[in-house]
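Visitor: What follows is a structure written as structure tokens; I'll ask about it next.
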Amino acid sequence: MTRLTAAARGTAARIDAATPAHRDRAVDALRAFAVAGVVLGHWLVTALVADGRTLRAASPLQHLPWLAPVSWAFQTLAVFFLVGGHVATRSYASARERGVPYRRWLHARLARLFGPVVAVLGLWTVVTLTLLLSDAEYATVRTLVKLALSPMWFLLVFAALTAATPLVARLHPLWPLAVVLHVDVLRFGFGAPDGLGWLNLAAGWLVPYTLGAAWTRGELESRRPGWVLLGGGTAATAALVAWAGYPAAMVGVPGAEVSNLNPPTLAAVTFGLAQCGLALLLRDRLRRAMRRPLAWAAVALVNLSAMTVFLWHQTALMATTAALLPAGPLPGLHTVPDGLGWAAARLPWLIVFALALAVCGAAFRTWEQGGGRRRRARPSRVVRAHRPMTERTPHV
């Protein structure tokens, strides 16, 4: 153990020493936090229940709605878009200064974003065909494929906003927020078709994305904007849930009449504003915390494989659940999430899911590093400066 500790400290010290002094480590820490929040949130509120030969999706929030505050801690997508908008606008400004054309800049960013997707789509195409040919229940196949590919919607929205960066770089966040407000008023107040809500898929996530652009412009450097966003977003969300009938859960709940996330509602957006405010207020503390080599090494390594973790965490959950079906039904894995006993039994399974995800990461991380082409490892990739045209650390 002593040798392992010494080796870990030595590696952390090398990563720390190789990190450029001007790198804003708070950006990486916020990104790592967002990745961890999404992964843990899905693992905690997504259950695959064995019903004969069929696996169906369920959530403890269906049976225990008073656990909705759990979703507040793990629904961190607004932080994704805040950091993404900040990094993309800074990247584009840097590219313009260096004379890099827009097309080349966009190609480089989207290649890093979608390179790892090829492996996910390839594997699940094979798995889907195999299950269908083996006479598996269609409902089971549909459930598994939907869960496996659910992270893709995020990538499509993020890619669209990235492509629009030159147009939205100076857009005030109040404009997309106004769109979300009017869409919800029309949907819930005047009975407009539910399909109108999908306008919020772009407008809703454009709000934190444009806040990231304002961060790049230096408009959010003082603590006052952070407190305004945190206080205003919290108050607005509480009012919408308490008096306007919005769901308290900030994630999708199977069977629920209204979801705050699919598509995003005004409550989800105001909740995201509060999250962004908290993230901005924590920047200085995170910068101080990231001066510790071990903490910084952990964050740097999460960022190095952020796309792999994001794309494969649902596959890790499903692979574990399916592989142990013959031994089931196992509490917290195959059973109905209808009580605190399930929640207590679920916690140890998080370790198993993490091990399965580590296997996926070892197998497919090369797709994130270079589109599936194996290259000699470069330790400096973990800590390379924010140079958007050359770095490999994903900015999502």
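We label chains A, B, ... in the order they appear in the structure tokens, count residues from 1 in each chain, and number ligands from 1 in the order shown.
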Run DSSP on the backbone and grab whatever in stretch 195-344 of chain A lands in helix (DSSP H, G or I); send it over as a ChimeraX atom specification.
Guide: /A:195-216,224-243,266-281,283-289,293-304,306-323,325-327,340-344
Visitor: Any chance you could export the current selection's C-alpha atoms as a tab-separated table (two decimals), in the first residue's frame?
Guide:
chain	number	residue	atom	x	y	z
A	195	GLY	CA	-44.56	19.45	-29.74
A	196	LEU	CA	-44.01	23.19	-29.32
A	197	GLY	CA	-41.99	22.37	-26.20
A	198	TRP	CA	-39.15	20.98	-28.26
A	199	LEU	CA	-38.19	24.56	-29.13
A	200	ASN	CA	-36.89	24.62	-25.57
A	201	LEU	CA	-34.38	21.89	-26.36
A	202	ALA	CA	-32.26	24.56	-28.04
A	203	ALA	CA	-33.46	27.65	-26.18
A	204	GLY	CA	-33.26	26.07	-22.73
A	205	TRP	CA	-29.65	24.95	-23.00
A	206	LEU	CA	-28.71	28.11	-24.85
A	207	VAL	CA	-29.29	29.99	-21.57
A	208	PRO	CA	-26.30	28.47	-19.68
A	209	TYR	CA	-24.28	28.34	-22.92
A	210	THR	CA	-24.60	32.11	-23.35
A	211	LEU	CA	-23.75	32.54	-19.67
A	212	GLY	CA	-20.51	30.74	-20.49
A	213	ALA	CA	-19.92	33.25	-23.28
A	214	ALA	CA	-20.50	36.09	-20.80
A	215	TRP	CA	-17.90	34.44	-18.54
A	216	THR	CA	-15.43	34.56	-21.44
A	224	ARG	CA	-22.45	39.54	-7.55
A	225	PRO	CA	-23.67	37.77	-10.75
A	226	GLY	CA	-23.17	34.42	-9.06
A	227	TRP	CA	-25.31	35.42	-6.08
A	228	VAL	CA	-27.99	36.91	-8.36
A	229	LEU	CA	-28.17	33.70	-10.42
A	230	LEU	CA	-28.15	31.45	-7.38
A	231	GLY	CA	-30.75	33.42	-5.44
A	232	GLY	CA	-32.98	34.30	-8.39
A	233	GLY	CA	-32.83	30.82	-9.90
A	234	THR	CA	-33.60	29.14	-6.57
A	235	ALA	CA	-36.53	31.44	-5.82
A	236	ALA	CA	-37.99	31.08	-9.32
A	237	THR	CA	-37.68	27.29	-9.27
A	238	ALA	CA	-39.29	27.04	-5.84
A	239	ALA	CA	-42.19	29.25	-6.98
A	240	LEU	CA	-42.71	27.26	-10.18
A	241	VAL	CA	-42.78	23.94	-8.31
A	242	ALA	CA	-44.90	25.19	-5.39
A	243	TRP	CA	-47.48	27.29	-7.25
A	266	LEU	CA	-38.90	26.84	-17.45
A	267	ALA	CA	-38.36	25.17	-14.06
A	268	ALA	CA	-35.40	23.18	-15.41
A	269	VAL	CA	-33.89	26.35	-16.86
A	270	THR	CA	-34.30	28.41	-13.69
A	271	PHE	CA	-32.87	25.50	-11.72
A	272	GLY	CA	-29.92	25.53	-14.14
A	273	LEU	CA	-29.45	29.25	-13.51
A	274	ALA	CA	-29.13	28.52	-9.79
A	275	GLN	CA	-26.58	25.79	-10.55
A	276	CYS	CA	-24.59	28.15	-12.77
A	277	GLY	CA	-24.60	30.78	-10.04
A	278	LEU	CA	-23.27	28.25	-7.53
A	279	ALA	CA	-20.61	27.11	-10.01
A	280	LEU	CA	-19.44	30.69	-10.53
A	281	LEU	CA	-19.29	31.30	-6.77
A	283	ARG	CA	-14.52	29.05	-8.85
A	284	ASP	CA	-12.02	30.54	-6.40
A	285	ARG	CA	-12.39	27.66	-3.96
A	286	LEU	CA	-11.95	25.16	-6.75
A	287	ARG	CA	-8.82	26.91	-7.96
A	288	ARG	CA	-7.36	26.67	-4.46
A	289	ALA	CA	-8.41	23.02	-4.09
A	293	PRO	CA	-1.56	17.54	-6.79
A	294	LEU	CA	-3.73	14.52	-5.95
A	295	ALA	CA	-6.98	16.42	-6.38
A	296	TRP	CA	-5.81	17.97	-9.64
A	297	ALA	CA	-4.58	14.63	-11.01
A	298	ALA	CA	-7.98	13.04	-10.35
A	299	VAL	CA	-9.80	15.91	-12.09
A	300	ALA	CA	-7.37	15.88	-15.02
A	301	LEU	CA	-7.83	12.15	-15.54
A	302	VAL	CA	-11.63	12.44	-15.45
A	303	ASN	CA	-11.43	15.19	-18.07
A	304	LEU	CA	-9.16	13.06	-20.24
A	306	ALA	CA	-14.95	12.55	-20.04
A	307	MET	CA	-16.57	11.57	-23.33
A	308	THR	CA	-15.88	7.87	-22.78
A	309	VAL	CA	-17.38	8.02	-19.28
A	310	PHE	CA	-20.39	9.97	-20.50
A	311	LEU	CA	-21.14	7.72	-23.46
A	312	TRP	CA	-20.53	4.35	-21.80
A	313	HIS	CA	-21.92	4.71	-18.27
A	314	GLN	CA	-25.39	3.49	-19.24
A	315	THR	CA	-23.87	0.54	-21.10
A	316	ALA	CA	-21.92	-0.36	-17.95
A	317	LEU	CA	-25.15	-0.35	-15.92
A	318	MET	CA	-27.00	-2.49	-18.48
A	319	ALA	CA	-24.13	-4.94	-18.96
A	320	THR	CA	-23.97	-5.53	-15.21
A	321	THR	CA	-27.73	-5.96	-14.94
A	322	ALA	CA	-27.95	-8.36	-17.90
A	323	ALA	CA	-24.90	-10.40	-16.96
A	325	LEU	CA	-29.84	-11.95	-14.61
A	326	PRO	CA	-29.24	-15.71	-14.23
A	327	ALA	CA	-28.42	-15.12	-10.55
A	340	LEU	CA	-35.65	2.68	0.98
A	341	GLY	CA	-34.46	-0.92	1.08
A	342	TRP	CA	-33.91	-0.74	-2.66
A	343	ALA	CA	-31.99	2.51	-2.31
A	344	ALA	CA	-29.74	1.00	0.37
Visitor: For A:Val87, which of A:Val352, A:Val27, A:Ala159, A:Val185 is the closest residue, counting only C-alpha atoms?
Guide: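 Among the listed residues, A:Val27 lies closest to A:Val87.
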Visitor: Which value, in Å to one decimal, gives the distance between atom CA of A:Glu137 and atom CA of A:Val120?
Guide: 21.9 Å
Visitor: List as a list of chain:residue names the protein and nucleic acid residues near A:Gly332, meaning an atom at most 10 Å away when only C-alpha atoms are counted, but skip any in the same chain fewer than 4 places from it.
Guide: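 My list of contacting residues is A:Leu44, A:Ala47, A:Leu48, A:Val49, A:Val336, A:Pro337, A:Gly341, A:Trp342, A:Ala343, A:Ala344, A:Ala345, A:Arg346, A:Leu347, A:Pro348, A:Trp349.
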Visitor: Since we have the selection now, will you write its residues out, keeping C-alpha atoms, as a short mmCIF file (atom, residue, chain, number, x, y, z; two decimals), in the first residue's frame?
Guide:
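New file selection36.cif:
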data_model
loop_
_atom_site.label_atom_id
_atom_site.label_comp_id
_atom_site.auth_asym_id
_atom_site.auth_seq_id
_atom_site.Cartn_x
_atom_site.Cartn_y
_atom_site.Cartn_z
CA LEU A 44 -29.14 6.05 -8.79
CA ALA A 47 -33.47 0.75 -12.61
CA LEU A 48 -33.92 -2.19 -14.96
CA VAL A 49 -36.62 -4.41 -13.49
CA VAL A 336 -38.68 -2.82 -8.23
CA PRO A 337 -37.31 0.45 -6.74
CA GLY A 341 -34.46 -0.92 1.08
CA TRP A 342 -33.91 -0.74 -2.66
CA ALA A 343 -31.99 2.51 -2.31
CA ALA A 344 -29.74 1.00 0.37
CA ALA A 345 -29.17 -2.10 -1.75
CA ARG A 346 -28.39 0.06 -4.79
CA LEU A 347 -25.40 1.83 -3.26
CA PRO A 348 -22.98 -1.16 -3.34
CA TRP A 349 -23.88 -1.76 -6.98
#
Visitor: Which is closer to A:Asp51 than all the others in A:Ala6, A:Leu161, A:Ala139, A:Val118, using only C-alpha atoms?
Guide: A:Ala139
